[in-house]
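K.L.:
Take this structure first; my questions come after.
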Amino acid sequence: MTAEIINGNEIRKAILEEVKAEVAQMKEKYGKVPGLVTILIGANPASISYVTLKVKTALEVGFKEIQDDQPADISEASLLALIDKYNNDPEINGILVQLPLPKHIDEKKVLNAINPDKDVDAFHPVNVGRLMIGGDEAKFLPCTPAGIQELIIRSGTETSGAEVVVVGRSNIVGKPIAMMMAQKGKGANSTVTIVHTRTKDLASHCKRADILIVAAGVPDLVKPEWIKPGATVIDVGVNRVGMNEKTGKAILKGDVDYDKAKEIAGKITPVPGGVGPMTIAMLMKNTLKSAQYSLKG
Ligand code: NAP
């Protein structure tokens with residue numbers, strides 16, 4: 001049996017089309033569109049390319065987008081004042097500060113200064129707490145875990161009562177997706193196990209999983225014989241394992257031995273083209289939601 005491939009690029013496209021349609025409706029009904037500000041400090045090439053993609057996507061779906069570039073030597077106080085300005089700007093629904101920040105700035109202090117109701121990355125402790133409570137309380141879900149859950153839902157995988165095993169316990173992927181899958185509600189109601197480097201017998205846990213979510217950052221960590229036949233496998237790992245000499249681009253590999261795993265799994269995400277494309281789509285969805293909440297008052 002060869003697994004059905006869960007195509008993140010196609011699902012991303014469908015989500016962005018849905019967001020675009022809702023933005024158009026909002027414009028027609030209220031004469032408003034969601035506003036997103038991306039704050040870029042300095043000129044780190046990787047940060048520039050991430051911000052460029054976010055700006056491009058935001059404009060494509062019809063948002064008002066402000067790209068606010070600041071010099072690398074901006075003081076912490078000036079950056080905090082800038083965030084405060086956007087916190088109080090009714091036209092802005094989402095505030096993104098591109099990381100990493102220069103060393104003289106306290107990253108935690110800056111992220112915690114963002115109004116939680118405009119924190120579309122959902123990293124603020126208030127939003128982490130809201131996620132834990134779940135239901136209507138969870139205004140925004142962090143983008144990569146939200147993308148993972150969306151892939152699971154849209155691939156038609158049954159989650160209610162399913163055994164979910166999450167490999168990895170980071171704050172940005174492992175812990176939030178584990179909590180989201182354990183909540184009551186759509187795309188959840190699962191029985192969840194989190195495994196990590198101190199877990200005894202990783203293989204035996206993975207073998208139980210109806211849904212296996214792997215976010216370890218170790219190429220080919222999950223062996224094909226650890227996969228339950230028919231399971232849905234979500235590979236979050238992005239590992240650079242070499243360079244393609246012809247294209248000059250990095251060769252990417254996930255955390256799962258994909259070629260062999262796809263002969264055993266029921267559904268599987270490729271790397272690249274699985275989870276990766278989903279993150280920005282969920283960021284746009286969060287910004288739309290923020291604007292919708294602000295219209296409700
Ligand atoms: P991280 O902060 O490094 O966390 C990795 C987790 O995996 C840790 O909890 C670690 O356990 C666990 N782990 C590592 N090696 C293991 C092993 N041999 N056995 C069992 N557990 C192991 O990483 P992250 O930020 O969550 O990212 C994970 C991967 O996802 C990376 O490849 C990253 O590039 C990728 N990623 C992709 C996206 C995207 O596509 N949009 C977004 C975010 C991350 P301990 O806690 O015990 O150390």
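If you're wondering about the labels, chains in the structure tokens are A, B, ... by order shown, residues count from 1 in each chain, ligands from 1 in order shown.
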Set out as CSV a contact list for chain A and ligand 1 with a cut-off of 8 Å, giving each residue of chain A that qualifies its closest atom pair and distance in Å to one decimal, counting only C-alpha atoms and all ligand atoms, ordered by chain and rising residue number.
P.N.:
residue,atom,partner,partner_atom_place_in_ligand_line,distance
A:Cys143,CA,ligand 1,41 (N),8.0
A:Thr144,CA,ligand 1,41 (N),5.3
A:Val167,CA,ligand 1,21 (N),5.7
A:Gly168,CA,ligand 1,7 (O),3.4
A:Arg169,CA,ligand 1,9 (O),3.7
A:Ser170,CA,ligand 1,26 (O),4.5
A:Asn171,CA,ligand 1,26 (O),7.0
A:Ile172,CA,ligand 1,26 (O),5.8
A:Val173,CA,ligand 1,26 (O),4.8
A:Gly174,CA,ligand 1,26 (O),5.8
A:Val195,CA,ligand 1,21 (N),6.1
A:His196,CA,ligand 1,21 (N),3.4
A:Thr197,CA,ligand 1,47 (O),3.8
A:Arg198,CA,ligand 1,47 (O),5.6
A:Thr199,CA,ligand 1,20 (C),6.9
A:Leu202,CA,ligand 1,20 (C),6.8
A:Val214,CA,ligand 1,29 (C),7.7
A:Ala215,CA,ligand 1,28 (C),4.0
A:Ala216,CA,ligand 1,7 (O),3.3
A:Gly217,CA,ligand 1,32 (O),3.2
A:Val218,CA,ligand 1,15 (N),5.8
A:Leu221,CA,ligand 1,18 (N),6.4
A:Val236,CA,ligand 1,30 (O),4.6
A:Gly237,CA,ligand 1,32 (O),3.5
A:Val238,CA,ligand 1,32 (O),4.0
A:Asn239,CA,ligand 1,32 (O),5.4
A:Gly254,CA,ligand 1,32 (O),7.1
A:Asp255,CA,ligand 1,32 (O),7.2
A:Gly274,CA,ligand 1,40 (O),7.7
A:Val275,CA,ligand 1,40 (O),5.0
A:Gly276,CA,ligand 1,40 (O),3.4
A:Pro277,CA,ligand 1,41 (N),6.8
A:Met278,CA,ligand 1,41 (N),6.8
A:Thr279,CA,ligand 1,41 (N),5.2
K.L.:
Next, dump the selected residues to file, keeping only N, CA and C atoms, as a compact mmCIF listing (two decimals), in the first residue's frame.
P.N.:
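Result file again_39.txt:
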# COMPACT_ATOMS: atom_id res chain seq x y z
N CYS A 143 0.93 29.21 14.90
CA CYS A 143 0.71 28.93 13.47
C CYS A 143 1.15 27.53 13.00
N THR A 144 2.32 27.06 13.42
CA THR A 144 2.73 25.73 12.94
C THR A 144 1.82 24.63 13.51
N VAL A 167 6.29 13.46 18.88
CA VAL A 167 7.72 13.36 19.17
C VAL A 167 8.28 14.78 19.25
N GLY A 168 8.70 15.19 20.44
CA GLY A 168 9.21 16.55 20.66
C GLY A 168 8.31 17.31 21.61
N ARG A 169 8.92 18.17 22.44
CA ARG A 169 8.15 18.91 23.45
C ARG A 169 8.55 20.38 23.47
N SER A 170 8.83 20.96 22.28
CA SER A 170 9.21 22.38 22.25
C SER A 170 7.98 23.24 22.49
N ASN A 171 8.25 24.50 22.87
CA ASN A 171 7.13 25.43 23.11
C ASN A 171 6.44 25.83 21.82
N ILE A 172 7.17 25.74 20.68
CA ILE A 172 6.53 26.23 19.45
C ILE A 172 5.80 25.13 18.67
N VAL A 173 6.17 23.87 18.89
CA VAL A 173 5.48 22.80 18.15
C VAL A 173 4.95 21.69 19.08
N GLY A 174 5.84 20.94 19.71
CA GLY A 174 5.44 19.72 20.44
C GLY A 174 4.38 19.95 21.50
N VAL A 195 6.55 12.29 23.56
CA VAL A 195 7.83 11.60 23.80
C VAL A 195 8.99 12.55 23.47
N HIS A 196 10.16 12.28 24.08
CA HIS A 196 11.31 13.19 23.95
C HIS A 196 12.59 12.41 24.19
N THR A 197 13.70 13.12 24.40
CA THR A 197 14.99 12.41 24.49
C THR A 197 15.11 11.53 25.73
N ARG A 198 14.30 11.76 26.75
CA ARG A 198 14.39 10.92 27.95
C ARG A 198 13.39 9.78 27.93
N THR A 199 12.63 9.66 26.86
CA THR A 199 11.63 8.59 26.78
C THR A 199 12.31 7.24 26.62
N LEU A 202 11.32 4.68 22.55
CA LEU A 202 10.60 5.57 21.63
C LEU A 202 9.77 4.77 20.61
N VAL A 214 5.77 14.28 14.25
CA VAL A 214 7.18 14.24 14.60
C VAL A 214 7.82 15.62 14.42
N ALA A 215 8.31 16.19 15.53
CA ALA A 215 8.95 17.51 15.51
C ALA A 215 10.18 17.46 16.39
N ALA A 216 11.22 16.77 15.90
CA ALA A 216 12.44 16.57 16.69
C ALA A 216 13.63 17.31 16.09
N GLY A 217 13.64 17.46 14.78
CA GLY A 217 14.80 18.08 14.12
C GLY A 217 15.96 17.11 13.97
N VAL A 218 15.63 15.83 13.80
CA VAL A 218 16.66 14.79 13.61
C VAL A 218 16.32 14.02 12.33
N LEU A 221 14.84 10.16 12.00
CA LEU A 221 14.73 9.62 13.37
C LEU A 221 13.72 8.47 13.42
N VAL A 236 7.13 17.20 10.82
CA VAL A 236 7.35 18.65 10.95
C VAL A 236 8.82 19.00 10.72
N GLY A 237 9.69 18.03 10.84
CA GLY A 237 11.13 18.29 10.77
C GLY A 237 11.57 18.91 9.46
N VAL A 238 12.47 19.87 9.58
CA VAL A 238 13.10 20.44 8.38
C VAL A 238 14.60 20.40 8.65
N ASN A 239 15.29 19.48 8.00
CA ASN A 239 16.72 19.31 8.24
C ASN A 239 17.48 19.53 6.93
N GLY A 254 13.02 15.41 6.20
CA GLY A 254 12.22 15.46 7.42
C GLY A 254 12.81 14.58 8.52
N ASP A 255 12.00 14.34 9.54
CA ASP A 255 12.43 13.50 10.67
C ASP A 255 12.01 12.04 10.47
N GLY A 274 4.85 19.82 2.96
CA GLY A 274 3.83 19.32 3.89
C GLY A 274 3.44 20.41 4.87
N VAL A 275 4.05 20.35 6.06
CA VAL A 275 3.72 21.31 7.13
C VAL A 275 4.25 22.71 6.78
N GLY A 276 5.45 22.77 6.19
CA GLY A 276 6.11 24.05 5.93
C GLY A 276 5.21 25.13 5.34
N PRO A 277 4.51 24.86 4.22
CA PRO A 277 3.70 25.91 3.59
C PRO A 277 2.52 26.39 4.44
N MET A 278 2.18 25.62 5.49
CA MET A 278 0.95 25.94 6.25
C MET A 278 1.10 27.11 7.21
N THR A 279 2.35 27.35 7.68
CA THR A 279 2.53 28.31 8.77
C THR A 279 2.05 29.71 8.39
K.L.:
I'd like a table as a Markdown table: residues in segment 26-119 of chain A with an atom no more than 12 Å from segment 130-142 of chain A, each row giving the shortest atom pair and its distance in Å to one decimal, only C-alpha atoms counted, sorted by chain and rising residue number.
P.N.:
| residue | atom | partner | partner_atom | distance |
| --- | --- | --- | --- | --- |
| A:Gly94 | CA | A:Phe140 | CA | 10.9 |
| A:Pro116 | CA | A:Phe140 | CA | 9.3 |
| A:Asp117 | CA | A:Lys139 | CA | 7.9 |
| A:Lys118 | CA | A:Phe140 | CA | 9.3 |
| A:Asp119 | CA | A:Phe140 | CA | 7.9 |
K.L.:
Write out as a ChimeraX atom specification the set of residues from segment 3-216 of chain A that DSSP, computed on the backbone, places in helix (DSSP H, G or I).
P.N.:
/A:8-30,45-60,76-87,107-113,116-118,125-133,135-137,143-154,174-182,202-208
K.L.:
Between A:Ser155, A:Thr287, A:Asn127, A:Asn112, which is the closest to Leu16 of chain A once you count only C-alpha atoms?
P.N.:
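Using only C-alpha atoms, Leu16 of chain A sits closest to A:Thr287.
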K.L.:
Could you check how far atom CA of Thr232 of chain A sits from atom CA of Ile152 of chain A, in Å to one decimal?
P.N.:
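Rounded to one decimal, the two atoms are 7.9 Å apart.
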K.L.:
Near Ala72 of chain A, counting only C-alpha atoms, which residues have an atom at most 6 Å away, once you skip same-chain residues fewer than 2 positions from it, shown as number ranges by chain?
P.N.:
A: 41-42, 74
K.L.:
Find the residue from A:Leu111, A:Ile211, A:Ile15, A:Val271 that sits nearest to Gly156 of chain A; use only C-alpha atoms when measuring.
P.N.:
A:Ile211
K.L.:
Extract the full set of strand (DSSP E) residues from segment 36-280 of chain A according to DSSP on the backbone, and format it as JSON, numbers by chain.
P.N.:
{"A": [36, 37, 38, 39, 40, 41, 64, 65, 66, 67, 68, 69, 70, 94, 95, 96, 97, 163, 164, 165, 166, 167, 191, 192, 193, 194, 195, 211, 212, 213, 214, 232, 233, 234, 235, 239, 240, 241, 242, 243, 250, 251, 252, 253, 267, 268]}
